[in-house]
>>> print(open('work09.cif').read())   # mmCIF, C-alpha atoms and all ligand atoms
data_coords
loop_
_atom_site.group_PDB
_atom_site.id
_atom_site.type_symbol
_atom_site.label_atom_id
_atom_site.label_comp_id
_atom_site.auth_asym_id
_atom_site.auth_seq_id
_atom_site.Cartn_x
_atom_site.Cartn_y
_atom_site.Cartn_z
ATOM 1 C CA MET L 1 82.962 113.988 116.400
ATOM 2 C CA THR L 2 84.887 114.530 113.178
ATOM 3 C CA PRO L 3 82.927 113.279 110.133
ATOM 4 C CA VAL L 4 84.345 110.026 108.773
ATOM 5 C CA SER L 5 84.805 111.532 105.293
ATOM 6 C CA GLU L 6 87.073 114.172 106.769
ATOM 7 C CA ILE L 7 89.146 111.554 108.606
ATOM 8 C CA ILE L 8 89.430 109.450 105.437
ATOM 9 C CA ARG L 9 90.710 112.509 103.548
ATOM 10 C CA ARG L 10 93.209 113.253 106.272
ATOM 11 C CA ARG L 11 94.731 109.738 106.267
ATOM 12 C CA TYR L 12 97.817 108.993 104.207
ATOM 13 C CA SER L 13 100.659 106.494 104.548
ATOM 14 C CA CYS L 14 103.146 108.139 106.879
ATOM 15 C CA ARG L 15 106.625 106.630 106.849
ATOM 16 C CA SER L 16 108.602 109.155 108.951
ATOM 17 C CA TYR L 17 107.591 109.780 112.538
ATOM 18 C CA ALA L 18 108.363 112.542 115.002
ATOM 19 C CA ASP L 19 110.549 111.700 117.944
ATOM 20 C CA ARG L 20 107.783 112.187 120.489
ATOM 21 C CA PRO L 21 105.569 109.653 122.241
ATOM 22 C CA VAL L 22 101.811 109.471 121.779
ATOM 23 C CA GLU L 23 100.042 111.584 124.422
ATOM 24 C CA ASP L 24 98.714 109.599 127.374
ATOM 25 C CA THR L 25 95.015 110.360 126.938
ATOM 26 C CA VAL L 26 95.198 109.637 123.201
ATOM 27 C CA LEU L 27 97.048 106.383 123.860
ATOM 28 C CA GLN L 28 94.451 105.374 126.427
ATOM 29 C CA THR L 29 91.600 105.897 123.954
ATOM 30 C CA LEU L 30 93.462 104.012 121.243
ATOM 31 C CA ARG L 31 94.290 101.123 123.598
ATOM 32 C CA THR L 32 90.628 100.768 124.517
ATOM 33 C CA ALA L 33 89.648 100.574 120.830
ATOM 34 C CA VAL L 34 92.457 98.141 119.986
ATOM 35 C CA SER L 35 91.677 95.749 122.821
ATOM 36 C CA ALA L 36 87.897 95.699 122.240
ATOM 37 C CA PRO L 37 86.704 92.426 120.634
ATOM 38 C CA GLN L 38 86.473 92.736 116.856
ATOM 39 C CA GLU L 39 84.294 90.907 114.371
ATOM 40 C CA GLY L 40 84.164 91.505 110.631
ATOM 41 C CA PRO L 41 81.010 91.375 108.470
ATOM 42 C CA PHE L 42 81.734 87.697 107.715
ATOM 43 C CA ALA L 43 82.088 86.680 111.371
ATOM 44 C CA ASN L 44 85.868 86.246 111.461
ATOM 45 C CA ARG L 45 87.496 87.671 114.548
ATOM 46 C CA PRO L 46 90.939 89.201 114.191
ATOM 47 C CA ARG L 47 92.746 90.297 117.320
ATOM 48 C CA PHE L 48 94.904 93.369 117.683
ATOM 49 C CA VAL L 49 97.697 94.482 119.963
ATOM 50 C CA LEU L 50 99.690 97.675 120.328
ATOM 51 C CA LEU L 51 103.407 97.026 120.560
ATOM 52 C CA ALA L 52 105.591 99.566 122.276
ATOM 53 C CA MET L 53 108.938 98.953 120.695
ATOM 54 C CA GLU L 54 111.010 100.390 123.524
ATOM 55 C CA ALA L 55 110.187 97.123 125.239
ATOM 56 C CA LEU L 56 112.252 95.199 122.703
ATOM 57 C CA SER L 57 115.958 94.528 123.014
ATOM 58 C CA ARG L 58 118.268 96.423 120.703
ATOM 59 C CA ALA L 59 119.059 93.251 118.792
ATOM 60 C CA GLU L 60 115.371 92.534 118.258
ATOM 61 C CA TRP L 61 114.671 96.124 117.267
ATOM 62 C CA LYS L 62 117.265 95.767 114.537
ATOM 63 C CA LYS L 63 115.548 92.667 113.208
ATOM 64 C CA LEU L 64 112.200 94.365 112.666
ATOM 65 C CA GLY L 65 112.844 94.757 108.982
ATOM 66 C CA THR L 66 111.053 98.065 108.672
ATOM 67 C CA TYR L 67 114.483 99.582 108.251
ATOM 68 C CA GLY L 68 114.836 102.054 105.469
ATOM 69 C CA VAL L 69 111.076 102.354 104.988
ATOM 70 C CA ILE L 70 109.710 103.448 108.345
ATOM 71 C CA HIS L 71 111.615 106.029 110.345
ATOM 72 C CA ASN L 72 111.384 106.534 114.065
ATOM 73 C CA ALA L 73 108.175 104.650 114.824
ATOM 74 C CA ARG L 74 107.976 103.365 118.396
ATOM 75 C CA LEU L 75 104.432 102.145 118.511
ATOM 76 C CA PHE L 76 102.992 99.508 116.176
ATOM 77 C CA LEU L 77 99.514 98.108 115.686
ATOM 78 C CA ALA L 78 99.736 94.390 114.911
ATOM 79 C CA GLY L 79 96.709 92.344 113.863
ATOM 80 C CA MET L 80 96.389 88.566 113.847
ATOM 81 C CA ILE L 81 93.798 86.168 112.472
ATOM 82 C CA GLY L 82 93.360 82.446 111.794
ATOM 83 C CA PRO L 83 92.993 81.314 108.167
ATOM 84 C CA ALA L 84 89.323 80.929 107.148
ATOM 85 C CA PRO L 85 87.028 81.896 104.262
ATOM 86 C CA LEU L 86 86.923 85.697 103.906
ATOM 87 C CA ALA L 87 89.329 86.031 106.849
ATOM 88 C CA MET L 88 91.517 88.548 105.007
ATOM 89 C CA VAL L 89 88.475 90.664 104.098
ATOM 90 C CA ASP L 90 87.330 90.747 107.726
ATOM 91 C CA TYR L 91 90.882 91.480 108.779
ATOM 92 C CA GLY L 92 91.166 94.486 106.459
ATOM 93 C CA TYR L 93 87.740 95.718 107.551
ATOM 94 C CA CYS L 94 88.506 95.561 111.282
ATOM 95 C CA LYS L 95 92.049 96.891 111.071
ATOM 96 C CA GLU L 96 91.023 99.818 108.896
ATOM 97 C CA SER L 97 88.361 100.765 111.439
ATOM 98 C CA LEU L 98 91.190 101.047 113.996
ATOM 99 C CA ILE L 99 93.302 103.051 111.534
ATOM 100 C CA VAL L 100 90.369 105.440 111.088
ATOM 101 C CA THR L 101 90.022 105.696 114.882
ATOM 102 C CA ALA L 102 93.752 106.462 115.191
ATOM 103 C CA THR L 103 93.556 109.057 112.401
ATOM 104 C CA GLY L 104 90.571 110.669 114.112
ATOM 105 C CA LEU L 105 92.719 110.950 117.245
ATOM 106 C CA GLY L 106 95.288 112.969 115.297
ATOM 107 C CA LEU L 107 97.698 110.078 114.761
ATOM 108 C CA ASN L 108 99.441 108.957 111.592
ATOM 109 C CA THR L 109 99.808 105.385 110.385
ATOM 110 C CA CYS L 110 100.932 103.219 107.460
ATOM 111 C CA TRP L 111 99.709 99.768 106.453
ATOM 112 C CA LEU L 112 102.707 97.447 106.052
ATOM 113 C CA GLY L 113 102.218 94.092 104.395
ATOM 114 C CA GLY L 114 105.581 93.490 102.831
ATOM 115 C CA THR L 115 108.274 95.489 104.513
ATOM 116 C CA PHE L 116 108.472 94.015 108.000
ATOM 117 C CA ALA L 117 110.064 90.991 109.683
ATOM 118 C CA ILE L 118 107.236 88.732 110.668
ATOM 119 C CA SER L 119 109.281 86.682 113.152
ATOM 120 C CA ALA L 120 110.279 89.626 115.345
ATOM 121 C CA PHE L 121 106.806 91.187 115.330
ATOM 122 C CA GLY L 122 105.157 87.790 115.766
ATOM 123 C CA ARG L 123 107.210 87.161 118.887
ATOM 124 C CA ALA L 124 106.440 90.581 120.307
ATOM 125 C CA ALA L 125 102.730 90.194 119.512
ATOM 126 C CA GLY L 126 102.422 86.685 120.976
ATOM 127 C CA LEU L 127 101.496 85.175 117.608
ATOM 128 C CA ASP L 128 99.936 81.746 117.976
ATOM 129 C CA ARG L 129 100.909 78.856 115.666
ATOM 130 C CA SER L 130 97.410 78.762 114.200
ATOM 131 C CA GLU L 131 97.409 82.473 113.374
ATOM 132 C CA LEU L 132 98.698 84.700 110.605
ATOM 133 C CA LEU L 133 100.149 88.162 111.104
ATOM 134 C CA PRO L 134 99.312 89.691 107.707
ATOM 135 C CA THR L 135 100.242 93.301 108.409
ATOM 136 C CA ILE L 136 101.470 95.734 111.017
ATOM 137 C CA SER L 137 101.197 99.508 111.152
ATOM 138 C CA PRO L 138 103.359 102.102 112.828
ATOM 139 C CA VAL L 139 101.301 104.611 114.820
ATOM 140 C CA GLY L 140 102.530 108.027 115.888
ATOM 141 C CA TYR L 141 102.868 111.674 114.975
ATOM 142 C CA ALA L 142 104.273 112.569 111.563
ATOM 143 C CA ALA L 143 107.776 114.015 111.446
ATOM 144 C CA PRO L 144 107.831 117.713 110.464
ATOM 145 C CA ARG L 145 109.405 116.726 107.155
ATOM 146 C CA PRO L 146 109.018 113.424 105.307
ATOM 147 C CA SER L 147 112.263 111.501 104.726
ATOM 148 C CA LEU L 148 113.703 110.906 101.281
ATOM 149 C CA THR L 149 112.616 107.240 101.370
ATOM 150 C CA ASP L 150 109.144 108.431 102.258
ATOM 151 C CA ARG L 151 109.001 110.488 99.083
ATOM 152 C CA VAL L 152 110.595 107.715 97.006
ATOM 153 C CA MET L 153 108.102 105.106 98.306
ATOM 154 C CA ARG L 154 105.159 107.389 97.515
ATOM 155 C CA GLY L 155 106.438 107.968 93.995
ATOM 156 C CA PHE L 156 107.211 104.282 93.485
ATOM 157 C CA ALA L 157 103.721 103.158 94.498
ATOM 158 C CA GLY L 158 102.101 106.099 92.644
ATOM 159 C CA SER L 159 100.383 106.861 95.940
ATOM 160 C CA ASP L 160 98.955 110.174 94.852
ATOM 161 C CA ARG L 161 97.170 108.756 91.841
ATOM 162 C CA ARG L 162 93.679 107.414 92.373
ATOM 163 C CA LEU L 163 91.690 105.810 89.573
ATOM 164 C CA PRO L 164 88.778 107.930 88.319
ATOM 165 C CA TRP L 165 85.183 106.898 89.011
ATOM 166 C CA GLU L 166 84.596 105.517 85.545
ATOM 167 C CA LYS L 167 87.365 102.932 85.978
ATOM 168 C CA ILE L 168 86.054 101.474 89.213
ATOM 169 C CA PHE L 169 82.319 102.139 89.690
ATOM 170 C CA PHE L 170 79.725 100.740 87.310
ATOM 171 C CA ALA L 171 75.975 100.911 86.760
ATOM 172 C CA GLY L 172 74.434 97.473 86.383
ATOM 173 C CA ARG L 173 77.311 95.868 84.528
ATOM 174 C CA PRO L 174 81.054 96.259 83.918
ATOM 175 C CA GLY L 175 81.878 98.862 81.301
ATOM 176 C CA GLU L 176 78.853 101.038 82.101
ATOM 177 C CA PRO L 177 80.214 103.929 84.208
ATOM 178 C CA LEU L 178 78.253 104.991 87.275
ATOM 179 C CA SER L 179 77.896 108.760 87.617
ATOM 180 C CA GLN L 180 77.907 110.515 90.974
ATOM 181 C CA GLU L 181 74.329 111.625 90.278
ATOM 182 C CA ALA L 182 73.182 108.060 89.629
ATOM 183 C CA ALA L 183 74.876 106.952 92.852
ATOM 184 C CA GLY L 184 72.687 109.484 94.714
ATOM 185 C CA PRO L 185 73.162 109.394 98.489
ATOM 186 C CA PHE L 186 75.786 106.656 98.089
ATOM 187 C CA ALA L 187 78.195 108.857 96.133
ATOM 188 C CA GLU L 188 80.070 109.873 99.264
ATOM 189 C CA ALA L 189 80.525 106.270 100.425
ATOM 190 C CA LEU L 190 81.901 105.351 96.987
ATOM 191 C CA GLU L 191 84.235 108.345 96.967
ATOM 192 C CA ASN L 192 85.524 107.185 100.353
ATOM 193 C CA VAL L 193 86.268 103.770 98.850
ATOM 194 C CA ARG L 194 88.175 105.486 96.059
ATOM 195 C CA LEU L 195 90.364 107.246 98.632
ATOM 196 C CA ALA L 196 91.147 104.039 100.529
ATOM 197 C CA PRO L 197 94.713 102.815 100.908
ATOM 198 C CA SER L 198 95.641 99.644 99.006
ATOM 199 C CA ALA L 199 98.779 97.533 98.645
ATOM 200 C CA SER L 200 101.106 99.275 96.158
ATOM 201 C CA ASN L 201 98.162 101.571 95.472
ATOM 202 C CA LYS L 202 96.754 98.992 93.030
ATOM 203 C CA GLN L 203 93.159 100.006 93.904
ATOM 204 C CA PRO L 204 91.747 96.573 93.047
ATOM 205 C CA TRP L 205 88.155 97.343 94.067
ATOM 206 C CA ARG L 206 85.413 97.314 91.419
ATOM 207 C CA ILE L 207 81.839 98.069 92.398
ATOM 208 C CA VAL L 208 78.704 97.418 90.383
ATOM 209 C CA TYR L 209 75.522 99.180 91.502
ATOM 210 C CA ASP L 210 72.361 97.246 90.932
ATOM 211 C CA ALA L 211 69.853 100.109 91.223
ATOM 212 C CA SER L 212 66.727 97.960 90.997
ATOM 213 C CA GLY L 213 67.965 95.530 93.662
ATOM 214 C CA ARG L 214 69.415 98.434 95.726
ATOM 215 C CA ALA L 215 72.709 96.567 96.105
ATOM 216 C CA PHE L 216 76.367 97.424 95.674
ATOM 217 C CA ARG L 217 78.363 94.439 94.510
ATOM 218 C CA PHE L 218 82.041 94.494 95.407
ATOM 219 C CA TYR L 219 84.554 92.688 93.169
ATOM 220 C CA LEU L 220 88.305 92.175 93.307
ATOM 221 C CA ALA L 221 90.363 92.830 90.165
ATOM 222 C CA ARG L 222 93.448 90.864 91.158
ATOM 223 C CA SER L 223 96.864 92.006 89.982
ATOM 224 C CA LEU L 224 99.182 89.266 88.826
ATOM 225 C CA GLY L 225 101.920 88.382 91.252
ATOM 226 C CA TYR L 226 99.902 89.559 94.210
ATOM 227 C CA ARG L 227 98.054 86.374 94.859
ATOM 228 C CA HIS L 228 99.679 85.156 98.037
ATOM 229 C CA LEU L 229 102.484 86.245 100.233
ATOM 230 C CA ARG L 230 102.907 83.961 103.260
ATOM 231 C CA ASP L 231 99.316 82.646 102.982
ATOM 232 C CA VAL L 232 98.151 86.220 103.002
ATOM 233 C CA SER L 233 96.379 87.959 100.154
ATOM 234 C CA LEU L 234 97.075 91.662 100.491
ATOM 235 C CA GLN L 235 94.448 92.405 97.864
ATOM 236 C CA GLU L 236 91.752 90.619 99.866
ATOM 237 C CA ILE L 237 92.794 92.866 102.747
ATOM 238 C CA ASP L 238 92.375 95.822 100.359
ATOM 239 C CA MET L 239 88.791 94.665 99.777
ATOM 240 C CA GLY L 240 88.127 94.620 103.519
ATOM 241 C CA ILE L 241 89.447 98.177 103.764
ATOM 242 C CA ALA L 242 87.063 99.227 100.971
ATOM 243 C CA LEU L 243 84.109 97.569 102.706
ATOM 244 C CA CYS L 244 85.073 99.393 105.904
ATOM 245 C CA HIS L 245 85.152 102.832 104.251
ATOM 246 C CA PHE L 246 81.808 102.180 102.567
ATOM 247 C CA ASP L 247 80.226 100.889 105.773
ATOM 248 C CA LEU L 248 81.515 103.673 108.040
ATOM 249 C CA THR L 249 80.150 106.260 105.604
ATOM 250 C CA VAL L 250 76.692 104.781 105.079
ATOM 251 C CA ARG L 251 76.298 104.177 108.814
ATOM 252 C CA GLU L 252 77.196 107.756 109.615
ATOM 253 C CA MET L 253 74.665 108.908 107.006
ATOM 254 C CA GLY L 254 72.002 106.671 108.505
ATOM 255 C CA LEU L 255 71.642 104.551 105.348
ATOM 256 C CA ALA L 256 70.653 101.094 106.566
ATOM 257 C CA GLY L 257 71.839 97.903 104.933
ATOM 258 C CA ASN L 258 73.970 94.834 105.406
ATOM 259 C CA TRP L 259 76.631 92.665 103.832
ATOM 260 C CA ARG L 260 75.701 89.447 102.157
ATOM 261 C CA HIS L 261 76.693 86.951 99.526
ATOM 262 C CA ASP L 262 74.600 87.346 96.431
ATOM 263 C CA ASP L 263 74.644 84.340 94.055
ATOM 264 C CA ALA L 264 73.491 86.432 91.092
ATOM 265 C CA ALA L 265 76.569 88.656 91.458
ATOM 266 C CA THR L 266 78.882 85.783 90.536
ATOM 267 C CA ALA L 267 77.461 85.904 86.987
ATOM 268 C CA ILE L 268 79.889 88.760 86.294
ATOM 269 C CA LYS L 269 83.137 87.062 85.350
ATOM 270 C CA SER L 270 85.344 90.089 84.730
ATOM 271 C CA TRP L 271 86.520 90.066 88.325
ATOM 272 C CA GLU L 272 86.316 88.000 91.496
ATOM 273 C CA TYR L 273 83.113 88.545 93.455
ATOM 274 C CA VAL L 274 83.599 89.310 97.150
ATOM 275 C CA ALA L 275 80.351 90.551 98.731
ATOM 276 C CA SER L 276 77.378 92.878 98.332
ATOM 277 C CA TRP L 277 75.989 95.646 100.454
ATOM 278 C CA GLN L 278 72.253 95.396 100.335
ATOM 279 C CA ALA L 279 70.103 98.382 101.321
ATOM 280 C CA GLU L 280 67.321 97.566 103.769
HETATM 281 C C1 LIG B 301 97.365 95.894 102.640
HETATM 282 C C2 LIG B 301 98.381 96.989 102.429
HETATM 283 C C3 LIG B 301 99.738 96.695 102.492
HETATM 284 C C4 LIG B 301 100.700 97.714 102.334
HETATM 285 N N1 LIG B 301 102.036 97.393 102.462
HETATM 286 C C5 LIG B 301 102.969 98.388 102.406
HETATM 287 C C6 LIG B 301 104.355 98.082 102.634
HETATM 288 O O1 LIG B 301 104.737 96.934 102.877
HETATM 289 N N2 LIG B 301 105.250 99.108 102.610
HETATM 290 C C7 LIG B 301 104.863 100.394 102.375
HETATM 291 O O2 LIG B 301 105.715 101.272 102.386
HETATM 292 N N3 LIG B 301 103.555 100.725 102.125
HETATM 293 C C8 LIG B 301 102.603 99.754 102.159
HETATM 294 N N4 LIG B 301 101.262 100.058 101.961
HETATM 295 C C9 LIG B 301 100.833 101.463 101.717
HETATM 296 C C10 LIG B 301 100.406 101.724 100.263
HETATM 297 O O3 LIG B 301 101.549 101.822 99.432
HETATM 298 C C11 LIG B 301 99.555 103.015 100.209
HETATM 299 O O4 LIG B 301 98.365 102.816 100.931
HETATM 300 C C12 LIG B 301 99.198 103.455 98.800
HETATM 301 O O5 LIG B 301 100.359 103.744 98.042
HETATM 302 C C13 LIG B 301 98.285 104.704 98.788
HETATM 303 O O6 LIG B 301 98.901 105.799 99.438
HETATM 304 P P1 LIG B 301 98.222 106.483 100.706
HETATM 305 O O7 LIG B 301 98.004 105.404 101.758
HETATM 306 O O8 LIG B 301 99.203 107.511 101.174
HETATM 307 O O9 LIG B 301 96.905 107.068 100.296
HETATM 308 C C14 LIG B 301 100.286 99.065 102.084
HETATM 309 C C15 LIG B 301 98.918 99.336 102.018
HETATM 310 C C16 LIG B 301 97.966 98.333 102.194
HETATM 311 C C17 LIG B 301 96.512 98.670 102.168
#
>>> encode(input="work09.cif", output="structure tokens", more="lines below")
Ligand SMILES: Cc1cc2nc3c(=O)[nH]c(=O)nc-3n(C[C@H](O)[C@H](O)[C@H](O)COP(=O)(O)O)c2cc1C
Amino acid sequence: MTPVSEIIRRRYSCRSYADRPVEDTVLQTLRTAVSAPQEGPFANRPRFVLLAMEALSRAEWKKLGTYGVIHNARLFLAGMIGPAPLAMVDYGYCKESLIVTATGLGLNTCWLGGTFAISAFGRAAGLDRSELLPTISPVGYAAPRPSLTDRVMRGFAGSDRRLPWEKIFFAGRPGEPLSQEAAGPFAEALENVRLAPSASNKQPWRIVYDASGRAFRFYLARSLGYRHLRDVSLQEIDMGIALCHFDLTVREMGLAGNWRHDDAATAIKSWEYVASWQAE
């Protein structure tokens, strides 16, 4: 088994795909993961489907709206969920675990929250009236060379720039940077959060470590203009992705703990409190 930190380092947003189908055995493993029941840390249950786009008519294929951004993808992972408290966080958590699985299988992916036509994908995915389809992701093998749009999109979103530790991880209170040493065994889990994908690479996660309470408090620093797109908060999805990276890492390291709401954490007003990971 490839260590999760290695998979997380390998993942990047791939926007140009090779003209070759996913190998049968790989597809089988991915299908099994995608169709398994999913539940996030806050008990919301998104559902996922793999859409093979050859099955669509040419007219429908043209309406997908990924045009110009995603090249050559034939397989898409679509995830649906009903609106509920913390639904977007659970959604991000569960979908990222599938993205990590796909990456571990040697596949490439890209989260897409803005640049796709929801109606065409919704139809193909059997979207129910009560559900949202917040994002889709192409899945496949990377093209030998990225397209020009691929490079432009990366530059536009500043995809290769991650915020340094001192801007996102804090000891006890905002403004007090948390060093890797002070994070101890949790440093790797935090680093894996730092490497997570986020909408427009805004990296809205802020984490405060309460060393005496042995808890990591996760906050959302919302960017203006990102609040809601079609009832969907992409930045709440970003938070779910961060929780997923943290959780996968601590689990692999055998560090026990769980997610909970911590009333005391809401005292910090700099950002929006989401949830805490509490060591056991
Ligand atoms: C929730 C979410 C939505 C995203 N939506 C889009 C999108 O609509 N189009 C796109 O090209 N990239 C999209 N991205 C990819 C981000 O731009 C990318 O993750 C970020 O720039 C960091 O680059 P990296 O994933 O290569 O590390 C999205 C990412 C996330 C997490």
>>> closest_residue(input="work09.cif", among="L:Val193, L:Leu248, L:Leu255, L:Ala59", to="ligand LIG 301 (chain B)", atoms="all atoms listed in the file")
L:Val193
>>> residues_near_ligand(input="work09.cif", ligand="ligand LIG 301 (chain B)", cutoff="7 Å", atoms="only C-alpha atoms and all ligand atoms", output="PDB file with C-alpha atoms, keeping the file's coordinate frame")
ATOM      1  CA  ARG L  11      94.731 109.738 106.267  1.00  0.00           C
ATOM      2  CA  TYR L  12      97.817 108.993 104.207  1.00  0.00           C
ATOM      3  CA  SER L  13     100.659 106.494 104.548  1.00  0.00           C
ATOM      4  CA  CYS L  14     103.146 108.139 106.879  1.00  0.00           C
ATOM      5  CA  VAL L  69     111.076 102.354 104.988  1.00  0.00           C
ATOM      6  CA  CYS L 110     100.932 103.219 107.460  1.00  0.00           C
ATOM      7  CA  TRP L 111      99.709  99.768 106.453  1.00  0.00           C
ATOM      8  CA  LEU L 112     102.707  97.447 106.052  1.00  0.00           C
ATOM      9  CA  GLY L 113     102.218  94.092 104.395  1.00  0.00           C
ATOM     10  CA  GLY L 114     105.581  93.490 102.831  1.00  0.00           C
ATOM     11  CA  THR L 115     108.274  95.489 104.513  1.00  0.00           C
ATOM     12  CA  PHE L 116     108.472  94.015 108.000  1.00  0.00           C
ATOM     13  CA  THR L 135     100.242  93.301 108.409  1.00  0.00           C
ATOM     14  CA  MET L 153     108.102 105.106  98.306  1.00  0.00           C
ATOM     15  CA  ARG L 154     105.159 107.389  97.515  1.00  0.00           C
ATOM     16  CA  ALA L 157     103.721 103.158  94.498  1.00  0.00           C
ATOM     17  CA  GLY L 158     102.101 106.099  92.644  1.00  0.00           C
ATOM     18  CA  SER L 159     100.383 106.861  95.940  1.00  0.00           C
ATOM     19  CA  ASP L 160      98.955 110.174  94.852  1.00  0.00           C
ATOM     20  CA  LEU L 195      90.364 107.246  98.632  1.00  0.00           C
ATOM     21  CA  ALA L 196      91.147 104.039 100.529  1.00  0.00           C
ATOM     22  CA  PRO L 197      94.713 102.815 100.908  1.00  0.00           C
ATOM     23  CA  SER L 198      95.641  99.644  99.006  1.00  0.00           C
ATOM     24  CA  ALA L 199      98.779  97.533  98.645  1.00  0.00           C
ATOM     25  CA  SER L 200     101.106  99.275  96.158  1.00  0.00           C
ATOM     26  CA  ASN L 201      98.162 101.571  95.472  1.00  0.00           C
ATOM     27  CA  LEU L 234      97.075  91.662 100.491  1.00  0.00           C
ATOM     28  CA  GLN L 235      94.448  92.405  97.864  1.00  0.00           C
ATOM     29  CA  ILE L 237      92.794  92.866 102.747  1.00  0.00           C
ATOM     30  CA  ASP L 238      92.375  95.822 100.359  1.00  0.00           C
TER      31      ASP L 238
END
>>> residues_around(input="work09.cif", residues="Ala143 in chain L", least_positions_apart="3", cutoff="7 Å", atoms="all atoms listed in the file", output="list in words")
Ser16, Tyr17, Ala18 and Pro146 of chain L
>>> closest_residue(input="work09.cif", among="L:Gly240, L:Pro85, L:Gly122, L:Pro204", to="Phe169 in chain L", atoms="all atoms listed in the file")
L:Pro204
>>> closest_atom_pairs(input="work09.cif", of="range 87-143 of chain L", to="range 33-43 of chain L", cutoff="8 Å", atoms="only C-alpha atoms", output="Markdown table")
| residue | atom | partner | partner_atom | distance |
| --- | --- | --- | --- | --- |
| L:Ala87 | CA | L:Phe42 | CA | 7.8 |
| L:Val89 | CA | L:Gly40 | CA | 7.9 |
| L:Asp90 | CA | L:Gly40 | CA | 4.4 |
| L:Tyr91 | CA | L:Gly40 | CA | 7.0 |
| L:Tyr93 | CA | L:Gly40 | CA | 6.3 |
| L:Cys94 | CA | L:Gly40 | CA | 6.0 |
| L:Leu98 | CA | L:Val34 | CA | 6.8 |
| L:Thr101 | CA | L:Ala33 | CA | 7.9 |
>>> closest_residue(input="work09.cif", among="L:Gln278, L:Ser270, L:Thr109, L:Asn192", to="Gly257 in chain L", atoms="only C-alpha atoms")
L:Gln278
>>> atom_distance(input="work09.cif", atom1="CA of Phe170 in chain L", atom2="CA of Ile268 in chain L")
12.0 Å
>>> residues_around(input="work09.cif", residues="range 19-28 of chain L", least_positions_apart="6", cutoff="7 Å", atoms="only C-alpha atoms", output="VMD selection string")
chain L and resid 72 105 140
>>> residues_around(input="work09.cif", residues="Met1 in chain L", least_positions_apart="4", cutoff="12 Å", atoms="all atoms listed in the file", output="MDAnalysis selection string")
chainID L and resid 5:7 101 104:105 252
>>> residues_around(input="work09.cif", residues="Val208 in chain L", least_positions_apart="3", cutoff="10 Å", atoms="all atoms listed in the file", output="PyMOL selection string")
chain L and resi 168-178+211+215-219+265+268+276
>>> atom_distance(input="work09.cif", atom1="CA of Ser212 in chain L", atom2="CA of Gly92 in chain L")
29.1 Å
>>> decode(input="work09.cif", residues="range 7-30 of chain L", atoms="C-alpha atoms", output="PDB file, in the first residue's frame")
ATOM      1  CA  ILE L   7      -0.445   9.849  -2.780  1.00  0.00           C
ATOM      2  CA  ILE L   8      -1.333  13.356  -1.573  1.00  0.00           C
ATOM      3  CA  ARG L   9       1.970  14.651  -2.977  1.00  0.00           C
ATOM      4  CA  ARG L  10       1.348  12.924  -6.269  1.00  0.00           C
ATOM      5  CA  ARG L  11      -2.128  14.452  -6.772  1.00  0.00           C
ATOM      6  CA  TYR L  12      -2.552  17.608  -8.818  1.00  0.00           C
ATOM      7  CA  SER L  13      -5.398  19.024 -10.898  1.00  0.00           C
ATOM      8  CA  CYS L  14      -5.048  17.391 -14.294  1.00  0.00           C
ATOM      9  CA  ARG L  15      -6.941  19.094 -17.104  1.00  0.00           C
ATOM     10  CA  SER L  16      -5.621  17.237 -20.188  1.00  0.00           C
ATOM     11  CA  TYR L  17      -6.143  13.505 -20.472  1.00  0.00           C
ATOM     12  CA  ALA L  18      -4.554  10.824 -22.613  1.00  0.00           C
ATOM     13  CA  ASP L  19      -6.675   9.228 -25.278  1.00  0.00           C
ATOM     14  CA  ARG L  20      -6.706   5.828 -23.604  1.00  0.00           C
ATOM     15  CA  PRO L  21      -9.339   4.172 -21.433  1.00  0.00           C
ATOM     16  CA  VAL L  22      -8.799   3.275 -17.790  1.00  0.00           C
ATOM     17  CA  GLU L  23      -7.503  -0.303 -17.477  1.00  0.00           C
ATOM     18  CA  ASP L  24     -10.175  -2.860 -16.616  1.00  0.00           C
ATOM     19  CA  THR L  25      -8.779  -4.020 -13.276  1.00  0.00           C
ATOM     20  CA  VAL L  26      -8.176  -0.426 -12.160  1.00  0.00           C
ATOM     21  CA  LEU L  27     -11.690   0.558 -13.227  1.00  0.00           C
ATOM     22  CA  GLN L  28     -13.138  -2.386 -11.333  1.00  0.00           C
ATOM     23  CA  THR L  29     -11.378  -1.360  -8.113  1.00  0.00           C
ATOM     24  CA  LEU L  30     -12.453   2.250  -8.549  1.00  0.00           C
TER      25      LEU L  30
END
